[in-house]
Amino acid sequence: PVLRVAIMGLGGYATRVAKAMESCKRAKLVGLISGTPSKVVDWRAKYDIPEKNCYNYENFDKIKNNPDIDVVYVITPNGLHKDQVIRVAKAGKHVICEKPMGINAKEGQEMVDACKKANVKLLVGYRMHYEPKTVEVIRMRQNGEFGKLKFFQGLSGFAIGDPTQWRLNKELAGGGAMMDIGIYSINGARFMLGEEPIWVTAQETKTDPVKFKEGVDETIQFQMGFPSGAVASCLSTYAMRHLDRFFLNGEKGFAEMQPSTGYGPIEGRTHKGQLTQPHITHQTLQMDGMAQLIFEGVQPIVPVDGEEGLKDLKIIDAIYEAVKTGKKVDL
Ligand code: NAD
């Protein structure tokens, strides 16, 4: 069957996801949840969406009675995810939630528990887990082709513009660059090394305290230690351009990717040569993959479920604690 998707929050990334879904074989946009009636008019016309599949933030619990929607994809500011996901779960629909899944591990745990209780699936929009060059590097790692892994470097950042946007509002964003873009280095370290970190250390730099207010991080360098002895060294920032790089080093080989998480094409090479897997729009692969996951239980090479989202949130909590205390934090 085709996965019938309603998108909640018709902003920038939702627009990209909807466009990518035009090329999906297994997923189709059939519903909208928005607080802006004029957007609903435009999107309905563009995607031929019936009025009965359109909701706003007050009435979307009624989606419970709509048999024509399978899943709600939550693409709103981070600080809203938890309550929205729990409401969708209570309405009996599967949920895909954008990253970061919530703004701390406590929220993430509540979301996982609510979806379990409601017997619906909770997936997180980790599009890189479906990206072909990334998948190839993970496959090589699983196959032992890099030998014993020693080191991962993740650099994730961009120069943020408009100071009034929600990404710079503590309440809506849950933090700063770490929540938004640093999470790619955290998640990347985990899937590139194939282990969960046991400690973190972190240091913050803030050059513009007017733009980056209390609780909104501009730049954080952080380090993670893994049970095998491998270490990761990462940078998360809202104050640098062209920062999108992964580097993995093992006793038998290496992988380097730059850009490593941008919308694409991803570029990279390993000790065996250039990565030549084709570029396919990430969100097209993601949504077809998630349809297969929801209907047939077909798992991607690394998980995209709520537990996966929660693991990243626990690490983010520990990084913020390490910044605050200046101490090594055990996980
Ligand atoms: P955006 O500002 O472009 O869109 C956010 C949408 O939420 C807007 O349509 C806005 O109207 C709506 N909204 C609802 N309630 C709101 C409120 N109280 N305040 C502000 N806006 C409200 O943001 P975006 O870039 O689309 O990001 C949305 C989510 O998607 C975030 O969680 C972000 O981290 C995630 N995202 C993921 C990727 C990815 O590659 N996976 C890329 C971009 C964004």
# chains A, B, ... in the order shown; residues from 1 in each chain; ligands from 1
>>> select_by_dssp(residues="range 81-274 of chain A", states="strand (DSSP E)", output="ChimeraX atom specification")
/A:94-97,122-124,149-159,199-205,219-225,231-237,239-250,254-257,268-270,273-274
>>> residues_around(residues="Ala14 in chain A", least_positions_apart="3", cutoff="12 Å", atoms="only C-alpha atoms", output="PDB file with C-alpha atoms, in the first residue's frame")
ATOM      1  CA  VAL A   5       0.817  11.294   4.889  1.00  0.00           C
ATOM      2  CA  ALA A   6      -0.478  14.486   6.505  1.00  0.00           C
ATOM      3  CA  ILE A   7       2.123  17.197   7.119  1.00  0.00           C
ATOM      4  CA  MET A   8       1.885  19.366  10.241  1.00  0.00           C
ATOM      5  CA  GLY A   9       3.563  22.777   9.847  1.00  0.00           C
ATOM      6  CA  LEU A  10       3.782  24.109   6.303  1.00  0.00           C
ATOM      7  CA  GLY A  11       7.140  25.911   6.548  1.00  0.00           C
ATOM      8  CA  VAL A  17       9.556  17.242   1.932  1.00  0.00           C
ATOM      9  CA  ALA A  18       6.307  17.705  -0.005  1.00  0.00           C
ATOM     10  CA  LYS A  19       8.216  18.343  -3.228  1.00  0.00           C
ATOM     11  CA  ALA A  20      10.395  15.275  -2.645  1.00  0.00           C
ATOM     12  CA  MET A  21       7.307  13.145  -2.019  1.00  0.00           C
ATOM     13  CA  LEU A  29       0.805  13.717   0.673  1.00  0.00           C
ATOM     14  CA  LEU A  32      -2.455  19.176   6.002  1.00  0.00           C
ATOM     15  CA  ILE A  33      -2.327  20.609   9.511  1.00  0.00           C
ATOM     16  CA  SER A  34      -1.647  24.332   9.606  1.00  0.00           C
ATOM     17  CA  LYS A  39      -1.220  28.311   3.089  1.00  0.00           C
ATOM     18  CA  TRP A  43      -1.169  23.621  -0.722  1.00  0.00           C
ATOM     19  CA  VAL A  72       1.311  12.645  10.517  1.00  0.00           C
ATOM     20  CA  TYR A  73       4.718  14.159   9.737  1.00  0.00           C
ATOM     21  CA  VAL A  74       5.456  16.860  12.354  1.00  0.00           C
ATOM     22  CA  ILE A  75       7.662  19.607  10.808  1.00  0.00           C
ATOM     23  CA  THR A  76       7.218  22.446  13.303  1.00  0.00           C
ATOM     24  CA  PRO A  77       9.693  24.236  15.636  1.00  0.00           C
ATOM     25  CA  CYS A  97       8.788  13.774  13.798  1.00  0.00           C
ATOM     26  CA  GLU A  98      11.540  16.060  12.576  1.00  0.00           C
ATOM     27  CA  GLY A 125      13.257  12.352  10.106  1.00  0.00           C
ATOM     28  CA  GLN A 283      13.528  12.923   1.471  1.00  0.00           C
TER      29      GLN A 283
END
>>> closest_residue(among="A:Gln258, A:Ser228, A:Gln277, A:Thr36", to="Val135 in chain A", atoms="only C-alpha atoms")
A:Gln277
>>> atom_distance(atom1="CA of Gly175 in chain A", atom2="CA of Ala232 in chain A")
21.7 Å
>>> residues_around(residues="range 167-170 of chain A", least_positions_apart="5", cutoff="9 Å", atoms="only C-alpha atoms", output="ChimeraX atom specification")
/A:77-79,160,162,175-177,180,211-217
>>> write_last_selection(atoms="all heavy atoms", output="CSV table (one decimal), in the first residue's frame")
chain,number,residue,atom,x,y,z
A,77,PRO,N,8.5,23.9,14.8
A,77,PRO,CA,9.7,24.2,15.6
A,77,PRO,C,9.9,23.2,16.7
A,77,PRO,O,8.9,22.7,17.3
A,77,PRO,CB,9.3,25.6,16.2
A,77,PRO,CG,8.5,26.3,15.1
A,77,PRO,CD,7.7,25.1,14.6
A,78,ASN,N,11.1,22.9,17.1
A,78,ASN,CA,11.5,21.8,18.0
A,78,ASN,C,10.7,21.8,19.3
A,78,ASN,O,10.3,20.7,19.8
A,78,ASN,CB,13.0,21.9,18.4
A,78,ASN,CG,13.9,22.2,17.2
A,78,ASN,OD1,13.5,21.8,16.0
A,78,ASN,ND2,15.1,22.7,17.4
A,79,GLY,N,10.5,23.0,19.9
A,79,GLY,CA,9.9,23.1,21.2
A,79,GLY,C,8.4,22.6,21.2
A,79,GLY,O,7.8,22.5,22.2
A,160,ILE,N,23.9,31.6,10.6
A,160,ILE,CA,22.5,31.8,10.7
A,160,ILE,C,22.2,33.3,10.4
A,160,ILE,O,22.9,34.2,10.9
A,160,ILE,CB,21.9,31.3,12.0
A,160,ILE,CG1,20.4,31.1,11.9
A,160,ILE,CG2,22.3,32.2,13.2
A,160,ILE,CD1,19.8,30.2,13.0
A,162,ASP,N,18.6,36.0,10.0
A,162,ASP,CA,17.6,36.7,10.7
A,162,ASP,C,17.5,36.4,12.3
A,162,ASP,O,17.2,35.3,12.7
A,162,ASP,CB,16.2,36.3,10.1
A,162,ASP,CG,15.0,36.9,10.9
A,162,ASP,OD1,15.2,37.8,11.7
A,162,ASP,OD2,13.9,36.5,10.6
A,175,GLY,N,17.4,25.3,22.3
A,175,GLY,CA,18.8,25.6,22.4
A,175,GLY,C,19.2,26.3,21.2
A,175,GLY,O,18.4,27.1,20.7
A,176,GLY,N,20.5,26.1,20.7
A,176,GLY,CA,20.9,26.8,19.6
A,176,GLY,C,21.4,25.8,18.5
A,176,GLY,O,20.7,24.9,18.1
A,177,ALA,N,22.6,26.1,18.0
A,177,ALA,CA,23.1,25.3,16.9
A,177,ALA,C,23.2,23.8,17.2
A,177,ALA,O,22.9,23.0,16.3
A,177,ALA,CB,24.6,25.8,16.6
A,180,ASP,N,20.0,22.1,16.3
A,180,ASP,CA,19.6,22.2,14.9
A,180,ASP,C,20.5,21.5,14.0
A,180,ASP,O,20.1,20.7,13.1
A,180,ASP,CB,19.5,23.7,14.6
A,180,ASP,CG,18.9,24.0,13.3
A,180,ASP,OD1,17.9,23.2,12.9
A,180,ASP,OD2,19.3,24.9,12.5
A,211,LYS,N,22.8,38.3,19.7
A,211,LYS,CA,22.1,37.4,18.8
A,211,LYS,C,21.8,36.1,19.4
A,211,LYS,O,20.8,35.5,19.3
A,211,LYS,CB,23.0,37.2,17.5
A,211,LYS,CG,22.3,36.5,16.4
A,211,LYS,CD,23.0,36.7,15.1
A,211,LYS,CE,22.3,36.0,13.9
A,211,LYS,NZ,23.0,36.2,12.7
A,212,PHE,N,22.8,35.5,20.1
A,212,PHE,CA,22.7,34.2,20.8
A,212,PHE,C,22.5,34.4,22.2
A,212,PHE,O,23.5,34.5,23.0
A,212,PHE,CB,24.0,33.4,20.5
A,212,PHE,CG,24.2,33.2,19.0
A,212,PHE,CD1,25.2,34.0,18.4
A,212,PHE,CD2,23.5,32.4,18.2
A,212,PHE,CE1,25.4,33.9,17.0
A,212,PHE,CE2,23.7,32.3,16.8
A,212,PHE,CZ,24.7,33.0,16.2
A,213,LYS,N,21.2,34.5,22.6
A,213,LYS,CA,20.9,34.8,24.0
A,213,LYS,C,21.2,33.6,24.9
A,213,LYS,O,21.5,32.5,24.5
A,213,LYS,CB,19.4,35.2,24.1
A,213,LYS,CG,19.2,36.4,23.2
A,213,LYS,CD,18.0,37.2,23.6
A,213,LYS,CE,18.0,38.6,22.9
A,213,LYS,NZ,18.3,38.5,21.5
A,214,GLU,N,20.9,33.8,26.2
A,214,GLU,CA,21.1,32.8,27.2
A,214,GLU,C,20.3,31.5,26.8
A,214,GLU,O,19.2,31.6,26.4
A,214,GLU,CB,20.5,33.3,28.6
A,214,GLU,CG,20.5,32.4,29.7
A,214,GLU,CD,21.9,32.2,30.3
A,214,GLU,OE1,22.7,33.1,30.2
A,214,GLU,OE2,22.1,31.1,30.8
A,215,GLY,N,21.1,30.4,26.8
A,215,GLY,CA,20.4,29.1,26.5
A,215,GLY,C,20.4,28.8,25.0
A,215,GLY,O,19.9,27.8,24.6
A,216,VAL,N,20.9,29.8,24.2
A,216,VAL,CA,21.0,29.6,22.7
A,216,VAL,C,22.4,29.5,22.3
A,216,VAL,O,23.1,30.5,22.3
A,216,VAL,CB,20.2,30.7,22.0
A,216,VAL,CG1,20.3,30.4,20.4
A,216,VAL,CG2,18.8,30.8,22.4
A,217,ASP,N,22.9,28.3,22.1
A,217,ASP,CA,24.4,28.1,21.8
A,217,ASP,C,24.7,28.5,20.4
A,217,ASP,O,24.1,28.2,19.5
A,217,ASP,CB,24.8,26.7,22.1
A,217,ASP,CG,23.9,25.7,21.5
A,217,ASP,OD1,22.8,25.5,22.0
A,217,ASP,OD2,24.4,25.0,20.5
>>> closest_residue(among="A:Lys327, A:Arg127, A:Lys52, A:Lys46", to="Tyr184 in chain A", atoms="only C-alpha atoms")
A:Arg127
>>> select_by_dssp(residues="range 43-84 of chain A", states="helix (DSSP H, G or I)", output="list in words")
Trp43, Arg44, Ala45, Lys46, Tyr47, Glu51, Lys52, Asn53, Phe60, Asp61, Lys62, Ile63, Lys64, Asn65, Asn78, Gly79, Leu80, His81, Lys82, Asp83 and Gln84 of chain A
>>> atom_distance(atom1="CA of Val30 in chain A", atom2="CA of Gly264 in chain A")
26.4 Å
>>> atom_distance(atom1="atom 3 (O, counted along the ligand's line) of ligand 1", atom2="CA of Ala318 in chain A")
27.8 Å
>>> residues_around(residues="Glu22 in chain A", least_positions_apart="6", cutoff="10 Å", atoms="only C-alpha atoms", output="PyMOL selection string")
chain A and resi 28-29+47+284
>>> closest_residue(among="A:Cys115, A:Met140, A:Met192, A:Met178", to="ligand 1", atoms="only C-alpha atoms and all ligand atoms")
A:Met178
>>> closest_residue(among="A:Thr219, A:Asn187, A:Gln165, A:Asn53", to="ligand 1", atoms="only C-alpha atoms and all ligand atoms")
A:Gln165
>>> closest_atom_pairs(of="range 27-135 of chain A", to="range 285-305 of chain A", cutoff="12 Å", atoms="only C-alpha atoms", output="JSON lines")
{"residue": "A:Ala27", "atom": "CA", "partner": "A:Asp288", "partner_atom": "CA", "distance": 5.8}
{"residue": "A:Lys28", "atom": "CA", "partner": "A:Met287", "partner_atom": "CA", "distance": 8.9}
{"residue": "A:Leu29", "atom": "CA", "partner": "A:Met287", "partner_atom": "CA", "distance": 10.4}
{"residue": "A:Asp70", "atom": "CA", "partner": "A:Ile294", "partner_atom": "CA", "distance": 9.5}
{"residue": "A:Val71", "atom": "CA", "partner": "A:Ile294", "partner_atom": "CA", "distance": 9.4}
{"residue": "A:Tyr73", "atom": "CA", "partner": "A:Met287", "partner_atom": "CA", "distance": 10.2}
{"residue": "A:Lys93", "atom": "CA", "partner": "A:Ile294", "partner_atom": "CA", "distance": 11.4}
{"residue": "A:His94", "atom": "CA", "partner": "A:Ile294", "partner_atom": "CA", "distance": 8.4}
{"residue": "A:Val95", "atom": "CA", "partner": "A:Asp305", "partner_atom": "CA", "distance": 10.0}
{"residue": "A:Ile96", "atom": "CA", "partner": "A:Met290", "partner_atom": "CA", "distance": 8.8}
{"residue": "A:Cys97", "atom": "CA", "partner": "A:Asp305", "partner_atom": "CA", "distance": 9.6}
{"residue": "A:Glu98", "atom": "CA", "partner": "A:Val304", "partner_atom": "CA", "distance": 10.8}
{"residue": "A:Lys99", "atom": "CA", "partner": "A:Val304", "partner_atom": "CA", "distance": 10.5}
{"residue": "A:Met101", "atom": "CA", "partner": "A:Asp305", "partner_atom": "CA", "distance": 10.0}
{"residue": "A:Gly108", "atom": "CA", "partner": "A:Asp305", "partner_atom": "CA", "distance": 11.3}
{"residue": "A:Met111", "atom": "CA", "partner": "A:Asp305", "partner_atom": "CA", "distance": 11.2}
{"residue": "A:Val112", "atom": "CA", "partner": "A:Asp305", "partner_atom": "CA", "distance": 9.0}
{"residue": "A:Cys115", "atom": "CA", "partner": "A:Asp305", "partner_atom": "CA", "distance": 10.9}
{"residue": "A:Lys116", "atom": "CA", "partner": "A:Asp305", "partner_atom": "CA", "distance": 11.5}
{"residue": "A:Val120", "atom": "CA", "partner": "A:Ile294", "partner_atom": "CA", "distance": 9.5}
{"residue": "A:Lys121", "atom": "CA", "partner": "A:Ile294", "partner_atom": "CA", "distance": 7.3}
{"residue": "A:Leu122", "atom": "CA", "partner": "A:Asp305", "partner_atom": "CA", "distance": 5.8}
{"residue": "A:Leu123", "atom": "CA", "partner": "A:Asp305", "partner_atom": "CA", "distance": 4.2}
{"residue": "A:Val124", "atom": "CA", "partner": "A:Val304", "partner_atom": "CA", "distance": 5.5}
{"residue": "A:Gly125", "atom": "CA", "partner": "A:Val304", "partner_atom": "CA", "distance": 7.2}
{"residue": "A:Tyr126", "atom": "CA", "partner": "A:Val304", "partner_atom": "CA", "distance": 6.1}
{"residue": "A:Arg127", "atom": "CA", "partner": "A:Gln286", "partner_atom": "CA", "distance": 5.5}
{"residue": "A:Met128", "atom": "CA", "partner": "A:Gln286", "partner_atom": "CA", "distance": 8.2}
{"residue": "A:His129", "atom": "CA", "partner": "A:Val302", "partner_atom": "CA", "distance": 6.2}
{"residue": "A:Tyr130", "atom": "CA", "partner": "A:Gln286", "partner_atom": "CA", "distance": 5.7}
{"residue": "A:Glu131", "atom": "CA", "partner": "A:Leu285", "partner_atom": "CA", "distance": 7.3}
{"residue": "A:Pro132", "atom": "CA", "partner": "A:Leu285", "partner_atom": "CA", "distance": 9.2}
{"residue": "A:Thr134", "atom": "CA", "partner": "A:Ile301", "partner_atom": "CA", "distance": 9.9}
{"residue": "A:Val135", "atom": "CA", "partner": "A:Ile301", "partner_atom": "CA", "distance": 6.8}
>>> closest_residue(among="A:Ile103, A:Ile69, A:Leu3, A:Ala118", to="ligand 1", atoms="only C-alpha atoms and all ligand atoms")
A:Ile103
>>> residues_around(residues="Phe158 in chain A", least_positions_apart="3", cutoff="10 Å", atoms="only C-alpha atoms", output="MDAnalysis selection string")
chainID A and resid 161 177 181 236:244
>>> write_last_selection(atoms="all heavy atoms", output="PDB file, in the first residue's frame")
ATOM      1  N   GLY A 161      21.049  33.556   9.777  1.00  0.00           N
ATOM      2  CA  GLY A 161      20.691  34.942   9.439  1.00  0.00           C
ATOM      3  C   GLY A 161      19.765  35.576  10.461  1.00  0.00           C
ATOM      4  O   GLY A 161      20.102  35.657  11.648  1.00  0.00           O
ATOM      5  N   ALA A 177      22.605  26.078  18.009  1.00  0.00           N
ATOM      6  CA  ALA A 177      23.142  25.288  16.900  1.00  0.00           C
ATOM      7  C   ALA A 177      23.152  23.784  17.207  1.00  0.00           C
ATOM      8  O   ALA A 177      22.921  22.961  16.318  1.00  0.00           O
ATOM      9  CB  ALA A 177      24.554  25.757  16.568  1.00  0.00           C
ATOM     10  N   ILE A 181      21.847  21.669  14.235  1.00  0.00           N
ATOM     11  CA  ILE A 181      22.821  21.189  13.262  1.00  0.00           C
ATOM     12  C   ILE A 181      23.896  20.317  13.920  1.00  0.00           C
ATOM     13  O   ILE A 181      24.353  19.352  13.328  1.00  0.00           O
ATOM     14  CB  ILE A 181      23.407  22.403  12.473  1.00  0.00           C
ATOM     15  CG1 ILE A 181      24.222  21.970  11.279  1.00  0.00           C
ATOM     16  CG2 ILE A 181      24.218  23.351  13.364  1.00  0.00           C
ATOM     17  CD1 ILE A 181      23.404  21.630  10.091  1.00  0.00           C
ATOM     18  N   SER A 236      29.910  22.182  16.524  1.00  0.00           N
ATOM     19  CA  SER A 236      28.550  22.583  16.175  1.00  0.00           C
ATOM     20  C   SER A 236      28.500  24.100  16.199  1.00  0.00           C
ATOM     21  O   SER A 236      28.863  24.703  17.208  1.00  0.00           O
ATOM     22  CB  SER A 236      27.609  22.012  17.236  1.00  0.00           C
ATOM     23  OG  SER A 236      26.382  22.714  17.273  1.00  0.00           O
ATOM     24  N   THR A 237      28.060  24.721  15.117  1.00  0.00           N
ATOM     25  CA  THR A 237      28.084  26.191  15.128  1.00  0.00           C
ATOM     26  C   THR A 237      27.033  26.824  14.229  1.00  0.00           C
ATOM     27  O   THR A 237      26.623  26.246  13.217  1.00  0.00           O
ATOM     28  CB  THR A 237      29.477  26.723  14.719  1.00  0.00           C
ATOM     29  OG1 THR A 237      29.490  28.148  14.832  1.00  0.00           O
ATOM     30  CG2 THR A 237      29.849  26.333  13.302  1.00  0.00           C
ATOM     31  N   TYR A 238      26.622  28.030  14.638  1.00  0.00           N
ATOM     32  CA  TYR A 238      25.747  28.879  13.830  1.00  0.00           C
ATOM     33  C   TYR A 238      26.556  30.048  13.267  1.00  0.00           C
ATOM     34  O   TYR A 238      25.987  31.026  12.818  1.00  0.00           O
ATOM     35  CB  TYR A 238      24.634  29.453  14.717  1.00  0.00           C
ATOM     36  CG  TYR A 238      23.336  28.675  14.757  1.00  0.00           C
ATOM     37  CD1 TYR A 238      22.454  28.851  15.830  1.00  0.00           C
ATOM     38  CD2 TYR A 238      22.947  27.822  13.725  1.00  0.00           C
ATOM     39  CE1 TYR A 238      21.230  28.190  15.884  1.00  0.00           C
ATOM     40  CE2 TYR A 238      21.724  27.159  13.769  1.00  0.00           C
ATOM     41  CZ  TYR A 238      20.872  27.340  14.846  1.00  0.00           C
ATOM     42  OH  TYR A 238      19.664  26.698  14.890  1.00  0.00           O
ATOM     43  N   ALA A 239      27.878  29.960  13.365  1.00  0.00           N
ATOM     44  CA  ALA A 239      28.682  31.131  13.042  1.00  0.00           C
ATOM     45  C   ALA A 239      29.781  30.864  12.012  1.00  0.00           C
ATOM     46  O   ALA A 239      30.760  31.597  11.936  1.00  0.00           O
ATOM     47  CB  ALA A 239      29.299  31.687  14.328  1.00  0.00           C
ATOM     48  N   MET A 240      29.626  29.796  11.224  1.00  0.00           N
ATOM     49  CA  MET A 240      30.615  29.519  10.178  1.00  0.00           C
ATOM     50  C   MET A 240      29.918  29.023   8.932  1.00  0.00           C
ATOM     51  O   MET A 240      28.923  28.302   9.023  1.00  0.00           O
ATOM     52  CB  MET A 240      31.575  28.408  10.630  1.00  0.00           C
ATOM     53  CG  MET A 240      32.766  28.885  11.389  1.00  0.00           C
ATOM     54  SD  MET A 240      33.768  27.469  11.853  1.00  0.00           S
ATOM     55  CE  MET A 240      33.888  27.769  13.608  1.00  0.00           C
ATOM     56  N   ARG A 241      30.478  29.375   7.806  1.00  0.00           N
ATOM     57  CA  ARG A 241      29.955  28.865   6.539  1.00  0.00           C
ATOM     58  C   ARG A 241      30.652  27.575   6.139  1.00  0.00           C
ATOM     59  O   ARG A 241      31.746  27.302   6.601  1.00  0.00           O
ATOM     60  CB  ARG A 241      30.200  29.892   5.430  1.00  0.00           C
ATOM     61  CG  ARG A 241      29.359  31.114   5.585  1.00  0.00           C
ATOM     62  CD  ARG A 241      29.674  32.108   4.482  1.00  0.00           C
ATOM     63  NE  ARG A 241      29.149  33.403   4.871  1.00  0.00           N
ATOM     64  CZ  ARG A 241      27.860  33.734   4.796  1.00  0.00           C
ATOM     65  NH1 ARG A 241      26.985  32.889   4.300  1.00  0.00           N
ATOM     66  NH2 ARG A 241      27.460  34.913   5.201  1.00  0.00           N
ATOM     67  N   HIS A 242      30.027  26.818   5.257  1.00  0.00           N
ATOM     68  CA  HIS A 242      30.637  25.637   4.610  1.00  0.00           C
ATOM     69  C   HIS A 242      31.159  24.622   5.626  1.00  0.00           C
ATOM     70  O   HIS A 242      32.207  24.043   5.420  1.00  0.00           O
ATOM     71  CB  HIS A 242      31.819  26.037   3.712  1.00  0.00           C
ATOM     72  CG  HIS A 242      31.558  27.227   2.863  1.00  0.00           C
ATOM     73  ND1 HIS A 242      30.571  27.256   1.905  1.00  0.00           N
ATOM     74  CD2 HIS A 242      32.137  28.458   2.838  1.00  0.00           C
ATOM     75  CE1 HIS A 242      30.573  28.436   1.319  1.00  0.00           C
ATOM     76  NE2 HIS A 242      31.495  29.190   1.874  1.00  0.00           N
ATOM     77  N   LEU A 243      30.468  24.433   6.724  1.00  0.00           N
ATOM     78  CA  LEU A 243      30.970  23.471   7.694  1.00  0.00           C
ATOM     79  C   LEU A 243      30.065  22.245   7.690  1.00  0.00           C
ATOM     80  O   LEU A 243      29.008  22.243   8.306  1.00  0.00           O
ATOM     81  CB  LEU A 243      31.023  24.113   9.080  1.00  0.00           C
ATOM     82  CG  LEU A 243      31.976  23.410  10.040  1.00  0.00           C
ATOM     83  CD1 LEU A 243      33.417  23.644   9.631  1.00  0.00           C
ATOM     84  CD2 LEU A 243      31.769  23.878  11.469  1.00  0.00           C
ATOM     85  N   ASP A 244      30.469  21.224   6.971  1.00  0.00           N
ATOM     86  CA  ASP A 244      29.635  20.038   6.796  1.00  0.00           C
ATOM     87  C   ASP A 244      30.547  18.873   6.406  1.00  0.00           C
ATOM     88  O   ASP A 244      30.657  18.512   5.238  1.00  0.00           O
ATOM     89  CB  ASP A 244      28.578  20.311   5.706  1.00  0.00           C
ATOM     90  CG  ASP A 244      27.629  19.144   5.510  1.00  0.00           C
ATOM     91  OD1 ASP A 244      27.660  18.188   6.319  1.00  0.00           O
ATOM     92  OD2 ASP A 244      26.859  19.172   4.532  1.00  0.00           O
TER      93      ASP A 244
END
